[in-house]
$ cat data.cif   # mmCIF, C-alpha atoms
data_structure
#
loop_
_atom_site.label_atom_id
_atom_site.label_comp_id
_atom_site.auth_asym_id
_atom_site.auth_seq_id
_atom_site.Cartn_x
_atom_site.Cartn_y
_atom_site.Cartn_z
CA MET A 1 17.44 33.16 46.43
CA GLN A 2 19.54 31.89 49.29
CA SER A 3 23.29 32.25 49.66
CA PRO A 4 25.33 29.92 47.45
CA GLU A 5 27.38 29.14 50.54
CA LYS A 6 24.53 27.31 52.24
CA GLU A 7 23.93 23.58 51.93
CA THR A 8 20.27 24.29 51.14
CA ARG A 9 21.18 24.91 47.48
CA PRO A 10 21.83 21.51 45.93
CA GLU A 11 20.62 22.83 42.58
CA LEU A 12 23.63 25.15 42.33
CA SER A 13 25.88 23.96 39.53
CA THR A 14 29.18 25.02 38.02
CA MET A 15 29.58 25.64 34.29
CA SER A 16 32.76 23.78 33.39
CA VAL A 17 33.91 26.21 30.72
CA GLN A 18 34.31 29.23 32.97
CA SER A 19 33.69 27.90 36.49
CA VAL A 20 30.99 30.48 37.23
CA PRO A 21 28.19 29.09 39.44
CA THR A 22 24.69 29.20 38.01
CA PHE A 23 21.14 29.19 39.32
CA PRO A 24 17.96 27.92 37.62
CA LEU A 25 15.61 30.67 36.48
CA ARG A 26 11.85 30.39 36.37
CA PRO A 27 9.30 30.00 34.90
CA THR A 28 10.72 26.81 33.35
CA ASP A 29 14.12 26.43 35.05
CA GLU A 30 15.34 25.22 31.65
CA LYS A 31 18.16 27.77 31.51
CA ALA A 32 20.44 28.56 34.44
CA ILE A 33 21.69 32.11 34.98
CA PRO A 34 25.44 32.53 35.59
CA LEU A 35 25.83 34.44 38.84
CA ILE A 36 28.35 36.86 37.34
CA GLY A 37 27.24 38.85 34.31
CA PHE A 38 29.25 41.20 32.09
CA GLY A 39 27.67 44.65 31.90
CA THR A 40 27.77 46.70 28.70
CA ALA A 41 26.46 50.07 29.90
CA GLU A 42 28.88 52.97 29.65
CA TYR A 43 27.85 56.60 29.82
CA PRO A 44 27.44 58.43 27.54
CA PHE A 45 25.66 55.45 26.04
CA GLY A 46 27.42 54.28 22.90
CA ALA A 47 30.74 55.88 23.95
CA SER A 48 32.67 52.61 23.50
CA ARG A 49 30.62 51.35 20.57
CA ASP A 50 33.63 51.09 18.23
CA THR A 51 35.63 48.91 20.62
CA LEU A 52 32.86 47.12 22.51
CA LYS A 53 32.69 44.13 20.16
CA GLU A 54 36.35 43.29 20.75
CA THR A 55 35.93 43.81 24.51
CA ILE A 56 33.04 41.33 24.58
CA ILE A 57 35.02 38.79 22.55
CA GLU A 58 37.82 39.15 25.09
CA ALA A 59 35.29 38.62 27.88
CA ILE A 60 34.10 35.41 26.24
CA LYS A 61 37.72 34.22 26.00
CA LEU A 62 38.15 34.89 29.71
CA GLY A 63 35.06 32.85 30.58
CA TYR A 64 32.14 35.27 30.80
CA ARG A 65 28.93 33.71 29.49
CA HIS A 66 26.29 36.08 30.87
CA PHE A 67 25.95 39.45 29.10
CA ASP A 68 23.69 42.31 30.15
CA THR A 69 22.51 44.93 27.65
CA ALA A 70 19.50 47.19 27.10
CA ALA A 71 17.82 49.07 24.28
CA VAL A 72 18.94 52.40 25.73
CA TYR A 73 22.61 51.37 26.16
CA GLN A 74 23.29 51.26 22.39
CA SER A 75 25.27 48.08 23.05
CA GLU A 76 22.90 45.46 21.62
CA GLN A 77 24.36 45.60 18.12
CA PRO A 78 28.04 45.28 19.17
CA LEU A 79 27.04 42.42 21.48
CA GLY A 80 25.27 40.68 18.60
CA GLU A 81 28.31 41.11 16.38
CA ALA A 82 30.56 39.72 19.12
CA ILE A 83 28.32 36.66 19.54
CA SER A 84 28.44 36.01 15.79
CA ASP A 85 32.23 36.32 15.78
CA ALA A 86 32.60 34.10 18.85
CA LEU A 87 30.63 31.37 17.09
CA ARG A 88 32.64 31.78 13.88
CA LEU A 89 35.94 31.66 15.79
CA GLY A 90 34.87 28.60 17.77
CA LEU A 91 35.08 30.39 21.14
CA ILE A 92 31.65 28.92 21.85
CA LYS A 93 30.02 25.97 20.15
CA SER A 94 26.46 27.24 20.41
CA ARG A 95 24.51 30.39 21.23
CA ASP A 96 22.91 28.29 23.98
CA GLU A 97 26.18 28.52 25.95
CA LEU A 98 25.44 32.21 26.50
CA PHE A 99 22.91 33.91 28.76
CA ILE A 100 21.75 37.17 27.20
CA THR A 101 19.71 39.81 29.04
CA SER A 102 18.20 42.94 27.53
CA LYS A 103 15.73 45.53 28.78
CA LEU A 104 12.61 47.32 27.61
CA TRP A 105 13.14 51.09 27.59
CA CYS A 106 10.52 53.39 29.08
CA SER A 107 9.37 54.84 25.73
CA ASP A 108 8.40 51.29 24.69
CA ALA A 109 6.75 50.46 28.03
CA HIS A 110 3.26 50.43 26.52
CA ARG A 111 1.32 47.25 25.86
CA ASP A 112 1.33 47.52 22.05
CA LEU A 113 5.01 48.49 21.87
CA VAL A 114 6.58 45.72 23.96
CA LEU A 115 6.61 43.03 21.27
CA PRO A 116 7.95 45.36 18.52
CA ALA A 117 10.64 46.55 20.94
CA LEU A 118 11.76 43.00 21.64
CA HIS A 119 11.76 42.20 17.92
CA LYS A 120 14.07 45.18 17.38
CA THR A 121 16.34 44.03 20.21
CA LEU A 122 16.55 40.54 18.69
CA LYS A 123 17.36 42.04 15.29
CA ASN A 124 20.17 44.07 16.87
CA LEU A 125 21.49 40.99 18.66
CA LYS A 126 21.04 38.72 15.62
CA LEU A 127 19.32 36.23 17.91
CA GLU A 128 16.08 34.28 17.87
CA TYR A 129 15.51 34.76 21.60
CA VAL A 130 16.97 36.36 24.71
CA ASP A 131 17.32 34.47 27.96
CA LEU A 132 15.95 37.29 30.09
CA TYR A 133 13.94 40.41 29.20
CA LEU A 134 13.43 43.09 31.85
CA ILE A 135 11.26 46.17 32.26
CA HIS A 136 14.02 48.74 32.77
CA TRP A 137 12.16 51.21 35.06
CA PRO A 138 8.69 51.26 36.65
CA LEU A 139 7.42 54.16 34.55
CA SER A 140 6.73 54.94 30.90
CA LEU A 141 7.77 57.72 28.55
CA LYS A 142 5.79 59.03 25.64
CA PRO A 143 6.55 56.75 22.66
CA GLY A 144 9.44 57.80 20.51
CA LYS A 145 13.15 58.19 21.14
CA HIS A 146 15.40 56.03 23.29
CA ASP A 147 16.98 59.00 25.04
CA PHE A 148 18.67 59.36 28.40
CA PRO A 149 18.42 61.88 29.90
CA PHE A 150 14.88 62.46 28.66
CA LYS A 151 12.43 65.34 28.87
CA LYS A 152 10.60 65.26 32.18
CA GLU A 153 7.36 66.27 30.49
CA ASP A 154 7.53 62.97 28.57
CA MET A 155 7.12 60.88 31.73
CA VAL A 156 3.76 59.12 32.11
CA PRO A 157 2.48 56.48 34.54
CA MET A 158 3.06 52.89 33.51
CA ASP A 159 0.07 50.60 33.09
CA ILE A 160 1.97 47.78 34.73
CA LYS A 161 -0.78 45.20 34.27
CA SER A 162 -0.99 45.60 30.49
CA VAL A 163 2.76 46.01 30.01
CA TRP A 164 3.40 42.84 32.01
CA GLU A 165 0.78 40.98 29.99
CA ALA A 166 2.76 41.92 26.88
CA MET A 167 5.97 40.72 28.56
CA GLU A 168 4.25 37.42 29.36
CA GLU A 169 3.21 37.12 25.72
CA CYS A 170 6.85 37.54 24.69
CA HIS A 171 7.66 34.51 26.84
CA TYR A 172 4.74 32.44 25.60
CA ILE A 173 5.79 32.84 21.96
CA GLY A 174 9.39 31.95 22.74
CA LEU A 175 11.14 35.29 22.25
CA THR A 176 12.46 35.31 25.82
CA LYS A 177 13.06 32.41 28.18
CA SER A 178 12.36 34.46 31.32
CA ILE A 179 10.95 37.89 32.15
CA GLY A 180 11.63 40.27 34.98
CA VAL A 181 11.99 43.86 36.12
CA SER A 182 14.60 46.38 37.17
CA ASN A 183 14.50 49.14 39.78
CA PHE A 184 11.24 47.89 41.36
CA SER A 185 10.57 48.43 45.07
CA CYS A 186 8.79 45.89 47.28
CA LYS A 187 5.54 47.83 46.85
CA LYS A 188 5.82 47.94 43.07
CA LEU A 189 6.60 44.23 43.00
CA GLU A 190 3.49 43.58 45.11
CA THR A 191 1.39 45.49 42.58
CA LEU A 192 2.88 43.47 39.73
CA LEU A 193 2.47 40.14 41.52
CA SER A 194 -1.20 40.84 42.24
CA SER A 195 -2.10 40.39 38.56
CA ALA A 196 0.83 38.50 37.02
CA ARG A 197 0.29 35.06 35.49
CA ILE A 198 4.08 34.63 35.35
CA PRO A 199 5.87 36.16 38.35
CA PRO A 200 9.04 38.11 37.56
CA ALA A 201 12.10 35.86 37.62
CA VAL A 202 14.51 38.70 38.39
CA ASN A 203 14.64 42.18 39.89
CA GLN A 204 17.82 43.99 38.84
CA VAL A 205 18.66 46.77 41.28
CA GLU A 206 21.55 48.81 42.62
CA MET A 207 23.29 46.79 45.31
CA ASN A 208 26.72 46.87 46.90
CA PRO A 209 28.22 46.93 50.42
CA MET A 210 27.19 50.57 50.81
CA TRP A 211 23.61 49.90 49.65
CA GLN A 212 22.80 46.38 50.73
CA GLN A 213 19.06 46.28 49.98
CA LYS A 214 18.32 44.00 52.95
CA LYS A 215 14.56 44.61 52.97
CA LEU A 216 14.20 44.15 49.20
CA ARG A 217 16.37 41.03 49.18
CA LYS A 218 14.29 39.44 51.94
CA PHE A 219 11.07 40.24 50.07
CA CYS A 220 12.43 38.85 46.79
CA GLU A 221 13.66 35.67 48.44
CA GLU A 222 10.21 35.09 49.95
CA LYS A 223 8.62 35.56 46.52
CA GLY A 224 11.16 33.44 44.63
CA ILE A 225 12.58 36.41 42.72
CA VAL A 226 16.31 36.40 41.98
CA VAL A 227 18.04 39.70 42.80
CA GLU A 228 20.58 40.95 40.29
CA ALA A 229 23.00 43.59 41.53
CA TYR A 230 24.05 46.41 39.26
CA SER A 231 26.75 48.89 40.34
CA PRO A 232 28.21 46.24 42.69
CA LEU A 233 31.38 48.35 42.87
CA GLY A 234 29.51 51.65 43.03
CA ALA A 235 29.94 52.50 39.31
CA LYS A 236 32.64 55.03 40.11
CA GLY A 237 32.90 57.57 37.29
CA ALA A 238 29.47 56.88 35.80
CA VAL A 239 26.65 59.43 35.90
CA TRP A 240 24.74 57.00 38.15
CA GLY A 241 27.84 56.10 40.15
CA THR A 242 29.62 56.97 43.38
CA ASN A 243 33.15 56.54 44.74
CA GLN A 244 31.91 55.65 48.24
CA VAL A 245 32.32 51.91 47.66
CA MET A 246 35.84 51.83 46.23
CA GLU A 247 37.04 54.43 48.75
CA CYS A 248 35.56 52.69 51.80
CA ASP A 249 38.26 52.18 54.45
CA VAL A 250 36.66 49.02 55.86
CA LEU A 251 36.60 47.38 52.42
CA LYS A 252 40.18 48.51 51.76
CA GLU A 253 41.33 46.92 55.03
CA ILE A 254 39.57 43.63 54.24
CA ALA A 255 41.04 43.61 50.73
CA GLN A 256 44.55 44.22 52.03
CA ALA A 257 44.23 41.46 54.62
CA LYS A 258 42.96 39.05 51.98
CA GLY A 259 45.49 39.99 49.30
CA LYS A 260 42.57 40.86 47.05
CA SER A 261 41.29 44.02 45.40
CA VAL A 262 38.40 46.05 46.84
CA ALA A 263 36.42 45.06 43.74
CA GLN A 264 36.98 41.36 44.44
CA VAL A 265 35.86 41.80 48.05
CA CYS A 266 32.66 43.54 46.89
CA LEU A 267 31.89 40.85 44.32
CA ARG A 268 32.62 38.02 46.73
CA TRP A 269 30.39 39.68 49.34
CA ALA A 270 27.52 39.94 46.83
CA TYR A 271 28.01 36.32 45.78
CA GLU A 272 27.85 35.21 49.41
CA GLN A 273 24.53 37.08 49.75
CA GLY A 274 23.12 34.76 47.08
CA VAL A 275 22.57 37.36 44.36
CA CYS A 276 23.58 37.56 40.72
CA VAL A 277 26.12 40.31 40.00
CA ILE A 278 26.46 42.46 36.87
CA VAL A 279 30.00 43.81 36.76
CA LYS A 280 31.39 46.17 34.15
CA SER A 281 35.03 46.72 33.36
CA PHE A 282 36.54 47.01 29.90
CA ASN A 283 40.07 46.59 31.28
CA LYS A 284 41.35 43.09 30.50
CA GLU A 285 43.21 42.56 33.77
CA ARG A 286 40.26 43.74 35.88
CA MET A 287 37.88 41.66 33.77
CA LYS A 288 39.98 38.64 34.70
CA GLN A 289 40.19 39.59 38.40
CA ASN A 290 36.42 40.01 38.59
CA LEU A 291 35.98 36.31 37.84
CA ASP A 292 38.50 35.29 40.49
CA ILE A 293 36.16 35.25 43.48
CA PHE A 294 35.10 31.62 43.84
CA ASP A 295 38.04 29.83 45.52
CA TRP A 296 38.12 31.91 48.70
CA ARG A 297 35.59 33.34 51.13
CA LEU A 298 35.05 36.15 53.59
CA SER A 299 35.27 35.37 57.30
CA ASP A 300 32.33 35.81 59.65
CA ASP A 301 34.10 38.81 61.18
CA GLU A 302 34.61 40.41 57.77
CA LEU A 303 30.98 39.81 56.83
CA LEU A 304 29.91 41.38 60.13
CA LYS A 305 32.02 44.48 59.46
CA ILE A 306 30.47 44.85 56.00
CA SER A 307 26.96 44.37 57.39
CA GLN A 308 27.54 47.32 59.72
CA LEU A 309 28.63 49.79 57.04
CA PRO A 310 26.55 52.99 56.89
CA GLN A 311 24.07 52.79 54.02
CA CYS A 312 23.66 55.37 51.27
CA LYS A 313 22.09 54.82 47.87
CA GLY A 314 24.52 55.82 45.15
CA TYR A 315 21.98 56.56 42.43
CA PRO A 316 18.73 58.11 43.69
CA ALA A 317 17.52 58.58 40.07
CA LEU A 318 16.37 62.17 40.37
CA GLU A 319 15.83 62.18 36.59
CA PHE A 320 12.68 60.14 37.18
CA VAL A 321 11.16 62.61 39.66
CA SER A 322 9.02 65.56 38.58
CA ASP A 323 6.21 67.66 40.03
CA ASP A 324 4.19 66.87 36.92
CA GLY A 325 5.25 63.24 36.50
CA PRO A 326 4.09 59.93 37.98
CA PHE A 327 6.66 60.22 40.80
CA LYS A 328 6.72 63.59 42.52
CA SER A 329 9.41 62.67 45.03
CA LEU A 330 12.15 60.12 45.61
CA GLN A 331 9.95 58.62 48.35
CA GLU A 332 7.27 57.89 45.73
CA LEU A 333 9.78 56.47 43.23
CA TRP A 334 11.37 54.13 45.75
CA ASP A 335 8.39 53.77 48.12
CA GLY A 336 10.49 54.79 51.09
CA GLU A 337 13.30 52.32 50.26
CA ILE A 338 15.95 55.04 50.11
#

$ encode --input "data.cif" --output "structure tokens"
Amino acid sequence: MQSPEKETRPELSTMSVQSVPTFPLRPTDEKAIPLIGFGTAEYPFGASRDTLKETIIEAIKLGYRHFDTAAVYQSEQPLGEAISDALRLGLIKSRDELFITSKLWCSDAHRDLVLPALHKTLKNLKLEYVDLYLIHWPLSLKPGKHDFPFKKEDMVPMDIKSVWEAMEECHYIGLTKSIGVSNFSCKKLETLLSSARIPPAVNQVEMNPMWQQKKLRKFCEEKGIVVEAYSPLGAKGAVWGTNQVMECDVLKEIAQAKGKSVAQVCLRWAYEQGVCVIVKSFNKERMKQNLDIFDWRLSDDELLKISQLPQCKGYPALEFVSDDGPFKSLQELWDGEI
């Protein structure tokens, strides 16, 4: 996916309701993905469950139309309730105005459990289909609970070929418009692509100015895979987060010169890289600011400064590494991309 700034993207459109640019998503290109999504993950998962529905309704009022959830987040049900209320209140005319993503948790990453897992997700969301369904991580857990953290002895290798076949079946029967993955390295994507009938539409990964994923982005662009950035602000305060992004002096200087926040600079930078961004804030004012990134741009000098920032992955995901598991080191989990 090329930068939305380049003239080589005539298919880029703007959704009039919220003025968030969109990009067509394969395999059918029938539904465009808004390039800013509203994240619903907060750790401990379910911590904001009682207030999340109202937060999502507020997000819809502000103009968000792309919502990102997952089975493990415990946010599917509040999101479904918010969608129902938004329709009832007339905030949206149709469910089709929304782009809804959910993810298959590792304990359901077995061929015969994928379809039941998606059915459960759809029941939670009170929807007939999702727009995008992702494999959350490239490994499986023994079937059972949707826990995080999980017991390391429960980790087992994923049979990616059979799991992906089940994901493809979910698309064929109309339960998801598009399918994709999350936290996949170039090598793991190559393995998947070698047997896939439907290539993944999306790879959702950690990405921000301090972890720019240049190699992975180049690979995904060559393969026609849209990159979605989670933790675009570093997820400060989360168990998978870091403060290195929001505390970066270079980003602070750029923000001050622009009269913008550091968060806005990070989101604008990601947008100019041509990726989709999943941003999470439950603060109304910051939710509004996070959408205000489309009527200004970073200078070449500012982009150069950001490109030269020292790189450090914020979330190495040590929970997924074990001497007795499928990945015995971080190098194996990320295939050297760390």

$ closest_residue --input "data.cif" --among "A:Leu25, A:Val250, A:Met207, A:Leu193" --to "Lys223 in chain A" --atoms "all atoms listed in the file"
A:Leu193

$ resolve_selection --input "data.cif" --expression "the PyMOL selection byres ((chain A and resi 53) around 8)" --output "number ranges by chain"
A: 49-52, 54-57, 78-79, 81-82

$ resolve_selection --input "data.cif" --expression "the PyMOL selection byres ((chain A and resi 168) around 9)" --output "PyMOL selection string"
chain A and resi 163-167+169-173+178-179+196-198

$ residues_around --input "data.cif" --residues "range 314-331 of chain A" --least-positions-apart "2" --cutoff "7 Å" --atoms "only C-alpha atoms" --output "ChimeraX atom specification"
/A:152,155-157,234,240-242,312,333-336

$ residues_around --input "data.cif" --residues "range 284-297 of chain A" --least-positions-apart "4" --cutoff "9 Å" --atoms "only C-alpha atoms" --output "PyMOL selection string"
chain A and resi 18-21+36+38+55+58-59+62-64+261+263-265+267-269+271-272+279-280

$ atom_distance --input "data.cif" --atom1 "CA of Ile33 in chain A" --atom2 "CA of Asp300 in chain A"
27.1 Å

$ residues_around --input "data.cif" --residues "range 142-145 of chain A" --least-positions-apart "6" --cutoff "12 Å" --atoms "only C-alpha atoms" --output "mmCIF file with C-alpha atoms, keeping the file's coordinate frame"
data_model
loop_
_atom_site.group_PDB
_atom_site.id
_atom_site.type_symbol
_atom_site.label_atom_id
_atom_site.label_comp_id
_atom_site.auth_asym_id
_atom_site.auth_seq_id
_atom_site.Cartn_x
_atom_site.Cartn_y
_atom_site.Cartn_z
ATOM 1 C CA ALA A 71 17.820 49.070 24.280
ATOM 2 C CA VAL A 72 18.940 52.400 25.730
ATOM 3 C CA TRP A 105 13.140 51.090 27.590
ATOM 4 C CA CYS A 106 10.520 53.390 29.080
ATOM 5 C CA SER A 107 9.370 54.840 25.730
ATOM 6 C CA ASP A 108 8.400 51.290 24.690
ATOM 7 C CA ALA A 109 6.750 50.460 28.030
ATOM 8 C CA HIS A 110 3.260 50.430 26.520
ATOM 9 C CA ARG A 111 1.320 47.250 25.860
ATOM 10 C CA ASP A 112 1.330 47.520 22.050
ATOM 11 C CA LEU A 113 5.010 48.490 21.870
ATOM 12 C CA VAL A 114 6.580 45.720 23.960
ATOM 13 C CA ALA A 117 10.640 46.550 20.940
ATOM 14 C CA LYS A 151 12.430 65.340 28.870
ATOM 15 C CA LYS A 152 10.600 65.260 32.180
ATOM 16 C CA GLU A 153 7.360 66.270 30.490
ATOM 17 C CA ASP A 154 7.530 62.970 28.570
ATOM 18 C CA MET A 155 7.120 60.880 31.730
ATOM 19 C CA VAL A 156 3.760 59.120 32.110
ATOM 20 C CA PRO A 157 2.480 56.480 34.540
ATOM 21 C CA MET A 158 3.060 52.890 33.510
ATOM 22 C CA GLY A 325 5.250 63.240 36.500
#

$ atom_distance --input "data.cif" --atom1 "CA of Lys103 in chain A" --atom2 "CA of Thr121 in chain A"
8.7 Å

$ resolve_selection --input "data.cif" --expression "the PyMOL selection byres ((chain A and resi 245-248) around 9)" --output "PDB file with C-alpha atoms, keeping the file's coordinate frame"
ATOM      1  CA  ASN A 208      26.720  46.870  46.900  1.00  0.00           C
ATOM      2  CA  PRO A 209      28.220  46.930  50.420  1.00  0.00           C
ATOM      3  CA  MET A 210      27.190  50.570  50.810  1.00  0.00           C
ATOM      4  CA  PRO A 232      28.210  46.240  42.690  1.00  0.00           C
ATOM      5  CA  LEU A 233      31.380  48.350  42.870  1.00  0.00           C
ATOM      6  CA  GLY A 234      29.510  51.650  43.030  1.00  0.00           C
ATOM      7  CA  ALA A 235      29.940  52.500  39.310  1.00  0.00           C
ATOM      8  CA  LYS A 236      32.640  55.030  40.110  1.00  0.00           C
ATOM      9  CA  THR A 242      29.620  56.970  43.380  1.00  0.00           C
ATOM     10  CA  ASN A 243      33.150  56.540  44.740  1.00  0.00           C
ATOM     11  CA  GLN A 244      31.910  55.650  48.240  1.00  0.00           C
ATOM     12  CA  ASP A 249      38.260  52.180  54.450  1.00  0.00           C
ATOM     13  CA  VAL A 250      36.660  49.020  55.860  1.00  0.00           C
ATOM     14  CA  LEU A 251      36.600  47.380  52.420  1.00  0.00           C
ATOM     15  CA  LYS A 252      40.180  48.510  51.760  1.00  0.00           C
ATOM     16  CA  GLU A 253      41.330  46.920  55.030  1.00  0.00           C
ATOM     17  CA  VAL A 262      38.400  46.050  46.840  1.00  0.00           C
ATOM     18  CA  ALA A 263      36.420  45.060  43.740  1.00  0.00           C
ATOM     19  CA  CYS A 266      32.660  43.540  46.890  1.00  0.00           C
TER      20      CYS A 266
END

$ closest_residue --input "data.cif" --among "A:Pro44, A:Gly274, A:Pro199, A:Pro149" --to "Thr22 in chain A" --atoms "all atoms listed in the file"
A:Gly274

$ atom_distance --input "data.cif" --atom1 "CA of Glu228 in chain A" --atom2 "CA of Gln256 in chain A"
26.9 Å

$ closest_residue --input "data.cif" --among "A:Val202, A:Ala70, A:Leu125, A:Ile254" --to "Leu304 in chain A" --atoms "only C-alpha atoms"
A:Ile254
